[in-house]
file input_32.cif (mmCIF, C-alpha atoms)
data_structure
loop_
_atom_site.label_atom_id
_atom_site.label_comp_id
_atom_site.auth_asym_id
_atom_site.auth_seq_id
_atom_site.Cartn_x
_atom_site.Cartn_y
_atom_site.Cartn_z
CA MET A 1 -19.99 60.42 18.11
CA ALA A 2 -17.15 59.00 16.04
CA LEU A 3 -17.27 58.45 12.33
CA ARG A 4 -14.69 56.66 10.24
CA LEU A 5 -14.92 56.56 6.48
CA ASP A 6 -13.34 53.62 4.63
CA ARG A 7 -12.90 54.87 1.09
CA LEU A 8 -12.47 53.27 -2.28
CA GLY A 9 -11.44 55.41 -5.21
CA VAL A 10 -14.31 54.34 -7.48
CA GLY A 11 -17.00 53.09 -5.16
CA PRO A 12 -16.84 54.03 -1.48
CA CYS A 13 -17.35 51.06 0.80
CA TRP A 14 -18.76 52.57 3.97
CA ARG A 15 -18.07 49.76 6.41
CA ALA A 16 -17.61 51.44 9.77
CA LEU A 17 -20.20 54.03 10.70
CA ARG A 18 -20.07 54.13 14.45
CA GLY A 19 -22.38 55.77 16.94
CA ASP A 20 -26.16 55.67 16.52
CA TYR A 21 -26.14 55.52 12.76
CA GLY A 22 -26.24 51.79 12.12
CA GLN A 23 -24.22 49.81 9.62
CA LEU A 24 -24.18 50.19 5.86
CA ARG A 25 -23.73 46.94 3.96
CA ALA A 26 -20.47 47.03 2.06
CA TRP A 27 -20.38 46.98 -1.73
CA SER A 28 -17.87 47.84 -4.39
CA PRO A 29 -18.07 48.10 -8.17
CA ARG A 30 -15.66 45.94 -10.04
CA GLY A 31 -12.37 47.46 -11.04
CA ALA A 32 -12.40 49.92 -8.13
CA SER A 33 -9.19 51.61 -7.18
CA ALA A 34 -8.14 51.46 -3.56
CA ARG A 35 -6.76 54.96 -3.21
CA VAL A 36 -8.11 58.47 -2.85
CA SER A 37 -5.52 61.15 -3.50
CA ARG A 38 -5.10 64.05 -1.12
CA LEU A 39 -4.10 67.49 -2.24
CA PRO A 40 -0.37 67.98 -1.82
CA GLY A 41 0.66 70.41 0.85
CA THR A 42 -2.62 70.48 2.74
CA ALA A 43 -1.20 69.15 5.98
CA GLY A 44 0.21 72.56 6.79
CA THR A 45 -0.18 76.11 5.59
CA GLN A 46 -0.62 76.38 1.85
CA SER A 47 1.57 78.92 0.17
CA ARG A 48 -0.44 78.96 -3.03
CA ARG A 49 -4.09 79.57 -3.71
CA GLY A 50 -6.17 76.73 -2.35
CA LEU A 51 -9.55 75.36 -3.21
CA GLY A 52 -12.28 77.95 -3.15
CA HIS A 53 -9.95 80.90 -3.58
CA SER A 54 -10.97 81.88 -7.09
CA PRO A 55 -11.85 85.56 -7.54
CA SER A 56 -15.58 84.90 -7.31
CA ALA A 57 -15.54 82.07 -4.80
CA GLY A 58 -16.98 84.22 -2.05
CA GLY A 59 -20.15 85.02 -3.94
CA GLY A 60 -22.30 83.81 -6.79
CA SER A 61 -20.99 82.31 -9.97
CA TRP A 62 -20.23 84.73 -12.75
CA LEU A 63 -22.68 82.72 -14.80
CA GLY A 64 -25.53 83.97 -12.63
CA THR A 65 -28.68 82.31 -13.86
CA GLY A 66 -26.82 80.84 -16.82
CA LEU A 67 -25.93 77.31 -17.68
CA ALA A 68 -23.89 76.50 -14.60
CA ALA A 69 -26.78 77.72 -12.49
CA ALA A 70 -29.07 75.44 -14.39
CA LEU A 71 -26.83 72.53 -13.50
CA ALA A 72 -26.83 73.80 -9.93
CA GLY A 73 -30.56 73.16 -9.82
CA PHE A 74 -30.00 69.50 -10.63
CA ALA A 75 -28.38 67.38 -13.29
CA GLY A 76 -30.46 66.96 -16.39
CA LEU A 77 -31.56 70.55 -16.18
CA ALA A 78 -28.56 71.71 -18.17
CA ALA A 79 -29.88 69.96 -21.22
CA ALA A 80 -33.37 71.19 -20.47
CA ALA A 81 -32.14 74.74 -20.33
CA LEU A 82 -30.11 74.37 -23.49
CA GLY A 83 -32.61 72.99 -25.93
CA HIS A 84 -35.03 70.25 -26.86
CA VAL A 85 -34.54 66.72 -25.61
CA GLN A 86 -36.19 63.48 -26.54
CA ARG A 87 -36.83 60.39 -24.49
CA ALA A 88 -34.89 57.34 -25.60
CA GLU A 89 -35.84 54.61 -23.12
CA MET A 90 -37.67 53.94 -19.88
CA VAL A 91 -36.40 50.83 -18.14
CA PRO A 92 -37.83 49.48 -14.85
CA ARG A 93 -34.92 49.22 -12.46
CA SER A 94 -34.04 47.11 -9.49
CA SER A 95 -31.32 47.93 -6.98
CA GLY A 96 -28.75 46.20 -9.18
CA ALA A 97 -26.82 47.88 -11.96
CA ARG A 98 -27.12 47.19 -15.65
CA SER A 99 -24.21 46.35 -17.89
CA PRO A 100 -23.61 48.39 -21.03
CA SER A 101 -25.22 47.06 -24.17
CA PRO A 102 -23.20 44.39 -26.00
CA GLY A 103 -22.63 46.67 -28.99
CA ARG A 104 -20.77 49.18 -26.84
CA ARG A 105 -18.52 46.71 -25.03
CA GLU A 106 -15.48 45.99 -27.14
CA GLU A 107 -13.85 43.24 -25.11
CA ASP A 108 -14.58 41.33 -21.92
CA GLY A 109 -11.27 42.28 -20.39
CA ASP A 110 -11.71 46.00 -21.02
CA GLU A 111 -11.17 47.94 -17.79
CA LEU A 112 -13.53 50.74 -18.78
CA ALA A 113 -16.30 48.31 -19.66
CA ARG A 114 -15.87 46.56 -16.31
CA ARG A 115 -16.07 49.90 -14.56
CA CYS A 116 -19.20 50.86 -16.47
CA SER A 117 -20.89 47.56 -15.63
CA ALA A 118 -21.58 48.93 -12.15
CA PHE A 119 -23.53 51.92 -13.51
CA MET A 120 -27.31 52.17 -13.71
CA THR A 121 -26.95 52.09 -17.49
CA SER A 122 -24.20 52.80 -20.02
CA PRO A 123 -22.64 56.30 -20.02
CA VAL A 124 -24.08 59.12 -22.08
CA THR A 125 -20.88 59.33 -24.13
CA ASP A 126 -20.04 56.32 -26.29
CA LEU A 127 -17.39 54.07 -24.76
CA ARG A 128 -15.26 54.36 -27.87
CA GLU A 129 -15.04 58.12 -27.37
CA LEU A 130 -14.25 57.73 -23.66
CA ARG A 131 -11.44 55.29 -24.49
CA LYS A 132 -9.86 57.84 -26.82
CA ARG A 133 -9.46 60.43 -24.05
CA PRO A 134 -8.99 58.64 -20.70
CA GLU A 135 -7.08 61.56 -19.14
CA ASP A 136 -9.47 64.26 -20.32
CA MET A 137 -11.39 65.90 -17.47
CA LYS A 138 -14.66 65.41 -19.35
CA THR A 139 -14.09 61.65 -19.29
CA LYS A 140 -13.07 61.61 -15.63
CA MET A 141 -16.05 63.70 -14.57
CA GLU A 142 -18.59 61.70 -16.57
CA LEU A 143 -17.39 58.43 -15.08
CA MET A 144 -17.40 59.96 -11.60
CA ILE A 145 -20.97 61.21 -11.83
CA MET A 146 -22.12 57.88 -13.27
CA GLU A 147 -20.48 56.11 -10.32
CA THR A 148 -22.04 58.53 -7.86
CA GLN A 149 -25.49 57.95 -9.35
CA ALA A 150 -25.09 54.17 -9.05
CA GLN A 151 -23.73 54.37 -5.50
CA VAL A 152 -26.56 56.56 -4.26
CA CYS A 153 -29.29 54.61 -6.06
CA ARG A 154 -28.00 51.31 -4.73
CA ALA A 155 -27.78 52.63 -1.16
CA LEU A 156 -31.29 54.11 -1.28
CA ALA A 157 -32.83 51.00 -2.85
CA GLN A 158 -31.22 48.88 -0.16
CA VAL A 159 -32.74 51.05 2.57
CA ASP A 160 -36.19 51.14 0.96
CA GLY A 161 -36.33 47.42 0.32
CA VAL A 162 -39.58 47.60 -1.69
CA ALA A 163 -39.58 50.12 -4.53
CA ASP A 164 -37.24 50.06 -7.53
CA PHE A 165 -35.59 52.88 -9.43
CA SER A 166 -36.84 53.54 -12.94
CA VAL A 167 -34.17 54.62 -15.42
CA ASP A 168 -35.21 57.32 -17.88
CA ARG A 169 -32.50 57.81 -20.50
CA TRP A 170 -32.94 60.88 -22.67
CA GLU A 171 -31.10 62.59 -25.50
CA ARG A 172 -30.63 66.20 -26.52
CA LYS A 173 -30.68 66.80 -30.25
CA GLU A 174 -28.05 69.57 -30.00
CA GLY A 175 -25.62 67.19 -28.29
CA GLY A 176 -25.45 64.89 -25.29
CA GLY A 177 -28.19 63.73 -22.98
CA GLY A 178 -28.79 62.38 -19.53
CA ILE A 179 -30.08 59.63 -17.25
CA THR A 180 -32.79 60.29 -14.66
CA CYS A 181 -33.34 57.61 -12.00
CA VAL A 182 -36.47 57.96 -9.86
CA LEU A 183 -37.94 55.89 -7.01
CA GLN A 184 -41.51 56.77 -5.98
CA ASP A 185 -43.98 55.53 -3.36
CA GLY A 186 -41.59 53.16 -1.67
CA ARG A 187 -41.63 51.88 1.89
CA VAL A 188 -39.15 54.51 3.09
CA PHE A 189 -39.00 57.08 0.32
CA GLU A 190 -41.93 59.01 -1.04
CA LYS A 191 -39.75 60.27 -3.88
CA ALA A 192 -36.04 59.96 -4.58
CA GLY A 193 -34.43 61.15 -7.79
CA VAL A 194 -30.80 60.90 -8.90
CA SER A 195 -30.01 62.44 -12.30
CA ILE A 196 -26.94 62.96 -14.44
CA SER A 197 -26.54 65.04 -17.57
CA VAL A 198 -23.71 65.33 -20.08
CA VAL A 199 -24.44 67.98 -22.70
CA HIS A 200 -22.46 69.98 -25.22
CA GLY A 201 -23.00 72.45 -28.06
CA ASN A 202 -22.93 76.21 -28.37
CA LEU A 203 -24.03 78.61 -25.67
CA SER A 204 -27.20 80.50 -26.41
CA GLU A 205 -27.16 84.28 -26.84
CA GLU A 206 -28.95 84.59 -23.50
CA ALA A 207 -26.40 82.52 -21.59
CA ALA A 208 -23.47 84.32 -23.23
CA SER A 209 -24.95 87.74 -22.44
CA GLN A 210 -25.48 86.70 -18.83
CA MET A 211 -21.83 85.73 -18.62
CA GLN A 212 -20.86 89.12 -20.00
CA GLY A 213 -23.17 90.79 -17.50
CA ARG A 214 -21.27 89.01 -14.72
CA GLY A 215 -17.96 90.38 -15.98
CA LYS A 216 -16.87 87.43 -18.12
CA VAL A 217 -16.36 88.44 -21.75
CA MET A 218 -15.78 85.49 -24.08
CA LYS A 219 -14.31 85.62 -27.57
CA ARG A 220 -16.67 84.02 -30.07
CA LYS A 221 -15.86 82.37 -33.35
CA ASP A 222 -18.47 82.98 -36.05
CA GLY A 223 -20.84 84.01 -33.28
CA LYS A 224 -20.51 80.66 -31.52
CA LEU A 225 -19.22 79.74 -28.09
CA PRO A 226 -18.71 75.98 -27.65
CA PHE A 227 -19.40 74.52 -24.21
CA THR A 228 -19.55 71.22 -22.34
CA ALA A 229 -21.54 70.80 -19.11
CA MET A 230 -22.10 67.75 -16.95
CA GLY A 231 -23.27 66.99 -13.45
CA VAL A 232 -25.05 64.70 -11.00
CA SER A 233 -27.84 65.83 -8.72
CA SER A 234 -30.31 64.30 -6.32
CA VAL A 235 -33.25 65.24 -4.13
CA ILE A 236 -34.58 62.66 -1.65
CA HIS A 237 -37.91 62.99 0.19
CA PRO A 238 -38.54 60.25 2.80
CA LYS A 239 -42.04 59.46 4.04
CA ASN A 240 -41.31 59.64 7.76
CA PRO A 241 -41.35 63.20 9.16
CA TYR A 242 -38.34 62.36 11.32
CA ALA A 243 -36.22 61.36 8.33
CA PRO A 244 -34.91 64.54 6.64
CA THR A 245 -34.92 65.53 2.99
CA MET A 246 -31.48 65.74 1.37
CA HIS A 247 -30.19 67.40 -1.81
CA PHE A 248 -26.80 67.27 -3.49
CA ASN A 249 -25.27 68.15 -6.85
CA TYR A 250 -21.77 68.23 -8.32
CA ARG A 251 -21.03 69.61 -11.78
CA TYR A 252 -18.32 70.61 -14.27
CA PHE A 253 -18.38 73.21 -17.04
CA GLU A 254 -16.07 74.12 -19.94
CA VAL A 255 -16.32 77.00 -22.43
CA GLU A 256 -13.95 77.32 -25.39
CA GLU A 257 -13.13 80.75 -26.81
CA ALA A 258 -12.32 81.52 -30.44
CA ASP A 259 -8.58 81.55 -29.72
CA GLY A 260 -8.78 78.04 -28.28
CA ASN A 261 -8.51 79.16 -24.66
CA THR A 262 -10.72 77.02 -22.41
CA HIS A 263 -12.40 78.29 -19.26
CA TRP A 264 -13.40 75.61 -16.77
CA TRP A 265 -14.89 75.38 -13.30
CA PHE A 266 -16.62 73.06 -10.85
CA GLY A 267 -19.61 73.66 -8.61
CA GLY A 268 -21.87 71.80 -6.24
CA GLY A 269 -22.84 71.09 -2.69
CA CYS A 270 -24.91 68.99 -0.32
CA ASP A 271 -27.56 70.15 2.17
CA LEU A 272 -30.03 68.68 4.67
CA THR A 273 -33.65 69.75 5.25
CA PRO A 274 -35.17 68.17 8.37
CA THR A 275 -38.78 68.54 9.41
CA TYR A 276 -37.79 68.26 13.07
CA LEU A 277 -34.41 69.11 14.53
CA ASN A 278 -32.25 66.24 15.72
CA LYS A 279 -28.96 67.68 16.92
CA GLU A 280 -27.07 64.39 16.66
CA ASP A 281 -28.15 64.06 13.03
CA ALA A 282 -27.10 67.64 12.29
CA VAL A 283 -23.67 67.05 13.84
CA HIS A 284 -23.24 63.77 11.96
CA PHE A 285 -24.17 65.33 8.61
CA HIS A 286 -21.99 68.42 8.96
CA ARG A 287 -19.08 66.54 10.50
CA THR A 288 -19.04 64.08 7.62
CA LEU A 289 -18.95 66.94 5.10
CA LYS A 290 -16.28 68.72 7.11
CA GLU A 291 -14.11 65.59 7.19
CA ALA A 292 -14.37 65.41 3.40
CA CYS A 293 -13.50 69.10 3.00
CA ASP A 294 -10.65 68.95 5.52
CA GLN A 295 -8.80 66.45 3.34
CA HIS A 296 -8.21 69.35 0.96
CA GLY A 297 -7.70 72.27 3.30
CA PRO A 298 -8.83 73.48 6.75
CA ASP A 299 -10.55 76.64 5.50
CA ILE A 300 -12.84 75.02 2.93
CA TYR A 301 -15.69 73.77 5.10
CA PRO A 302 -16.33 77.04 7.02
CA LYS A 303 -16.36 79.04 3.79
CA PHE A 304 -18.64 76.69 1.86
CA LYS A 305 -20.89 76.13 4.88
CA LYS A 306 -21.60 79.87 5.10
CA TRP A 307 -22.12 80.02 1.34
CA CYS A 308 -24.72 77.26 1.67
CA ASP A 309 -26.57 79.08 4.48
CA ASP A 310 -26.65 82.24 2.38
CA TYR A 311 -27.76 80.56 -0.85
CA PHE A 312 -30.68 78.56 0.55
CA TYR A 313 -32.36 81.59 2.10
CA ILE A 314 -36.10 82.09 1.58
CA ALA A 315 -36.16 85.86 1.70
CA HIS A 316 -39.93 86.33 1.92
CA ARG A 317 -40.07 83.93 4.91
CA GLY A 318 -36.90 85.11 6.62
CA GLU A 319 -35.62 81.55 7.02
CA ARG A 320 -33.35 78.99 5.37
CA ARG A 321 -34.69 76.00 3.48
CA GLY A 322 -32.86 73.64 5.82
CA ILE A 323 -29.90 73.32 8.18
CA GLY A 324 -27.38 73.70 5.38
CA GLY A 325 -24.27 71.78 4.46
CA ILE A 326 -21.83 73.02 1.82
CA PHE A 327 -22.27 74.96 -1.42
CA PHE A 328 -19.73 76.31 -3.91
CA ASP A 329 -19.52 77.52 -7.50
CA ASP A 330 -16.91 78.79 -9.97
CA LEU A 331 -14.24 76.58 -8.41
CA ASN A 332 -11.20 76.81 -10.72
CA SER A 333 -8.19 76.60 -8.40
CA PRO A 334 -5.59 75.51 -7.45
CA SER A 335 -5.61 73.21 -10.50
CA LYS A 336 -8.13 71.22 -12.51
CA GLU A 337 -6.95 67.89 -11.09
CA GLU A 338 -6.95 69.10 -7.50
CA ALA A 339 -10.40 70.66 -7.85
CA PHE A 340 -11.68 67.41 -9.35
CA ARG A 341 -10.26 65.39 -6.45
CA PHE A 342 -12.06 67.70 -4.04
CA VAL A 343 -15.38 67.31 -5.85
CA LYS A 344 -14.88 63.53 -5.98
CA THR A 345 -14.23 63.41 -2.23
CA CYS A 346 -17.40 65.41 -1.59
CA ALA A 347 -19.45 63.12 -3.82
CA GLU A 348 -18.14 60.08 -1.95
CA ALA A 349 -19.34 61.65 1.31
CA VAL A 350 -23.00 61.73 0.20
CA VAL A 351 -23.91 58.19 1.23
CA PRO A 352 -22.24 58.17 4.67
CA SER A 353 -23.50 61.65 5.52
CA TYR A 354 -27.17 60.85 4.82
CA VAL A 355 -28.10 57.17 4.57
CA PRO A 356 -27.32 56.34 8.23
CA ILE A 357 -29.70 59.13 9.29
CA VAL A 358 -32.52 57.72 7.16
CA LYS A 359 -31.91 54.20 8.45
CA LYS A 360 -32.01 55.54 12.00
CA HIS A 361 -35.38 57.27 11.60
CA CYS A 362 -37.31 55.56 8.77
CA ASP A 363 -39.34 53.45 11.22
CA ASP A 364 -39.84 56.10 13.92
CA SER A 365 -43.41 56.44 15.12
CA PHE A 366 -45.15 59.71 14.26
CA THR A 367 -48.54 61.39 14.69
CA PRO A 368 -50.88 63.00 12.16
CA GLU A 369 -49.71 66.34 13.55
CA ASP A 370 -46.10 65.43 12.75
CA LYS A 371 -47.09 64.55 9.20
CA LEU A 372 -48.96 67.85 8.86
CA TRP A 373 -45.86 69.79 9.88
CA GLN A 374 -43.82 67.85 7.33
CA GLN A 375 -46.26 68.84 4.60
CA LEU A 376 -46.05 72.49 5.63
CA ARG A 377 -42.25 72.42 5.60
CA ARG A 378 -42.33 70.82 2.17
CA GLY A 379 -44.34 73.82 1.07
CA ARG A 380 -41.35 75.96 2.01
CA TYR A 381 -39.12 73.61 -0.02
CA VAL A 382 -41.35 74.16 -3.05
CA GLU A 383 -41.32 77.93 -2.53
CA PHE A 384 -37.54 78.10 -2.55
CA ASN A 385 -37.14 75.87 -5.59
CA LEU A 386 -39.70 77.71 -7.70
CA LEU A 387 -38.96 81.28 -6.57
CA TYR A 388 -35.24 81.38 -5.79
CA ASP A 389 -33.35 78.39 -7.14
CA ARG A 390 -31.37 79.68 -10.10
CA GLY A 391 -31.31 76.42 -12.02
CA THR A 392 -35.04 75.78 -11.69
CA LYS A 393 -35.97 79.30 -12.73
CA PHE A 394 -33.62 79.27 -15.69
CA GLY A 395 -35.01 75.98 -16.92
CA LEU A 396 -38.67 76.92 -16.50
CA PHE A 397 -38.24 80.10 -18.53
CA THR A 398 -36.24 78.47 -21.32
CA PRO A 399 -38.14 77.27 -24.41
CA GLY A 400 -37.93 73.54 -24.97
CA SER A 401 -37.13 72.79 -21.34
CA ARG A 402 -37.48 69.23 -20.08
CA ILE A 403 -40.03 69.98 -17.38
CA GLU A 404 -39.99 66.51 -15.80
CA SER A 405 -36.28 66.80 -15.07
CA ILE A 406 -36.62 70.38 -13.83
CA LEU A 407 -39.39 69.52 -11.37
CA MET A 408 -37.85 66.24 -10.20
CA SER A 409 -36.76 68.04 -7.03
CA LEU A 410 -40.31 68.71 -5.87
CA PRO A 411 -42.00 66.39 -3.34
CA LEU A 412 -45.06 64.36 -4.28
CA THR A 413 -47.11 66.15 -1.61
CA ALA A 414 -46.96 69.53 0.17
CA ARG A 415 -49.36 71.81 2.04
CA TRP A 416 -50.02 75.48 2.69
CA GLU A 417 -52.20 76.78 5.51
CA TYR A 418 -53.20 80.37 6.11
CA MET A 419 -51.28 82.04 8.97
CA HIS A 420 -49.99 78.81 10.47
CA LEU A 421 -47.82 79.49 13.53
CA PRO A 422 -46.42 76.73 15.76
CA PRO A 423 -46.80 77.08 19.55
CA GLU A 424 -43.92 78.62 21.47
CA ASN A 425 -41.35 76.19 22.87
CA SER A 426 -42.67 73.42 20.64
CA LYS A 427 -40.46 71.11 18.58
CA GLU A 428 -41.84 72.89 15.49
CA ALA A 429 -40.70 76.24 16.90
CA GLU A 430 -37.29 74.70 17.65
CA ILE A 431 -36.53 73.94 14.00
CA LEU A 432 -37.77 77.37 12.94
CA GLU A 433 -35.29 79.02 15.29
CA VAL A 434 -32.41 77.16 13.66
CA LEU A 435 -33.68 77.97 10.17
CA ARG A 436 -33.76 81.65 11.06
CA HIS A 437 -30.41 81.63 12.84
CA PRO A 438 -27.98 79.05 11.37
CA LYS A 439 -25.75 77.22 13.83
CA ASP A 440 -22.21 75.90 13.87
CA TRP A 441 -22.65 72.13 14.19
CA VAL A 442 -19.04 70.97 14.36
CA HIS A 443 -17.40 73.06 17.07
#

call {"tool": "encode", "arguments": {"input": "input_32.cif", "output": "structure tokens"}}
result
Amino acid sequence: MALRLDRLGVGPCWRALRGDYGQLRAWSPRGASARVSRLPGTAGTQSRRGLGHSPSAGGGSWLGTGLAAALAGFAGLAAAALGHVQRAEMVPRSSGARSPSPGRREEDGDELARRCSAFMTSPVTDLRELRKRPEDMKTKMELMIMETQAQVCRALAQVDGVADFSVDRWERKEGGGGITCVLQDGRVFEKAGVSISVVHGNLSEEAASQMQGRGKVMKRKDGKLPFTAMGVSSVIHPKNPYAPTMHFNYRYFEVEEADGNTHWWFGGGCDLTPTYLNKEDAVHFHRTLKEACDQHGPDIYPKFKKWCDDYFYIAHRGERRGIGGIFFDDLNSPSKEEAFRFVKTCAEAVVPSYVPIVKKHCDDSFTPEDKLWQQLRRGRYVEFNLLYDRGTKFGLFTPGSRIESILMSLPLTARWEYMHLPPENSKEAEILEVLRHPKDWVH
């Protein structure tokens, strides 16, 4: 199976998806750039530290169950974990994007305003503030996650063809807010959520102590530790048992010490959770992610693939949540710009890695027994998210959490049966074998 990705810098236009994965209709937000930068020196051996080679890149983030972990659960949870939020608007959405409000658009010819017109709604940060700091990483990351949200929502709405995304815009009184887009009870998707959050303020005592417990001692000023956190995250649950669930999130974090020194890092990943194993789908998904990673170094995909398999492990079941993908945290090398380009490339791979699979299987015939197995596997999904996922746990145990955003990842329906065991050599037993013993899908 061959896969070619035609990329646009702002909005990927996935025109040529060859093999059995159909054709995605092309689209592009206005003002899109036509280039995606590659990391310099990645064609051969890198003499300096590459992506993923930070001191803690081989294990968990030094934040542990702190704020970055909360963002790892899904975007919007950072604000939930950091304090009270209030709901500002609920707007019924179609597959199209909404232009920023007239009061926030300074001139028709403004490039930033044109770029924002492709978003689901206006950015969390006021356009005037974004214009003041166009080269700041916080601006670049916020615009990137807004674009990713719009790209994914548009692609999913196009596939579903019936249901619309609702746009829930919320604010956090301590600073920042987020945008949660949800499609429910559609023709193809039972539940699909794509959220972004952009929050800032001072780290709580709990989060700061967790950082210290992970070996990161920060210098406070008057007992305060300013931070900025932002990210995009999505969990998609199709109706058809042969169309897999998918999750992704990409996030950025900054902490400023009393002496003005700023610590920064990126995190994220993308993983697939099928009810039934389709080897061609698994190869397509992993190969697409590998092609994205390989643009920035040949050693990235194997390392982050293993990290993903290890992270999404349901210890009490002895199996993984799904067939994996990539996962990383605490990414702060080789440079901020190069790490950002890597994260951007990964985010642009979300649509081509997943949407063709859903289009391929959304109308497959299935039996009541197939649907039952899907419900049982969704039970495992719930178990991992509630018992092991660091972001979900952190949010649920934090006062003032925004529960709706925290639990957005859960399916509408799931099932548990006492001592359910699939027959040997069945297609149900086949997926269990892979979940217990992860495979290499690209070699």

call {"tool": "atom_distance", "arguments": {"input": "input_32.cif", "atom1": "atom CA of Leu435 of chain A", "atom2": "atom CA of Arg321 of chain A"}}
result
7.0 Å

call {"tool": "residues_around", "arguments": {"input": "input_32.cif", "residues": "Arg377 of chain A", "least_positions_apart": "4", "cutoff": "10 Å", "atoms": "only C-alpha atoms", "output": "compact mmCIF listing (two decimals) with C-alpha atoms, in the frame of the given file"}}
result
# COMPACT_ATOMS: atom_id res chain seq x y z
CA PRO A 241 -41.35 63.20 9.16
CA THR A 273 -33.65 69.75 5.25
CA PRO A 274 -35.17 68.17 8.37
CA THR A 275 -38.78 68.54 9.41
CA TYR A 276 -37.79 68.26 13.07
CA ARG A 321 -34.69 76.00 3.48
CA GLY A 322 -32.86 73.64 5.82
CA LYS A 371 -47.09 64.55 9.20
CA LEU A 372 -48.96 67.85 8.86
CA TRP A 373 -45.86 69.79 9.88
CA TYR A 381 -39.12 73.61 -0.02
CA VAL A 382 -41.35 74.16 -3.05
CA GLU A 383 -41.32 77.93 -2.53
CA ALA A 414 -46.96 69.53 0.17
CA ARG A 415 -49.36 71.81 2.04
CA TRP A 416 -50.02 75.48 2.69
CA GLU A 428 -41.84 72.89 15.49
CA LEU A 432 -37.77 77.37 12.94

call {"tool": "closest_residue", "arguments": {"input": "input_32.cif", "among": "A:Asp364, A:Trp441, A:Glu174, A:Gln375", "to": "His284 of chain A", "atoms": "all atoms listed in the file"}}
result
A:Trp441

call {"tool": "resolve_selection", "arguments": {"input": "input_32.cif", "expression": "the PyMOL selection byres ((chain A and resi 339-347) around 9)", "output": "JSON, numbers by chain"}}
result
{"A": [9, 36, 37, 38, 39, 51, 52, 137, 140, 141, 144, 145, 148, 248, 249, 250, 251, 252, 265, 266, 267, 268, 269, 270, 289, 292, 293, 295, 296, 331, 332, 333, 334, 335, 336, 337, 338, 348, 349, 350, 351]}

call {"tool": "residues_around", "arguments": {"input": "input_32.cif", "residues": "Gly175 of chain A", "least_positions_apart": "5", "cutoff": "7 Å", "atoms": "only C-alpha atoms", "output": "list in words"}}
result
Val199, His200 and Gly201 of chain A
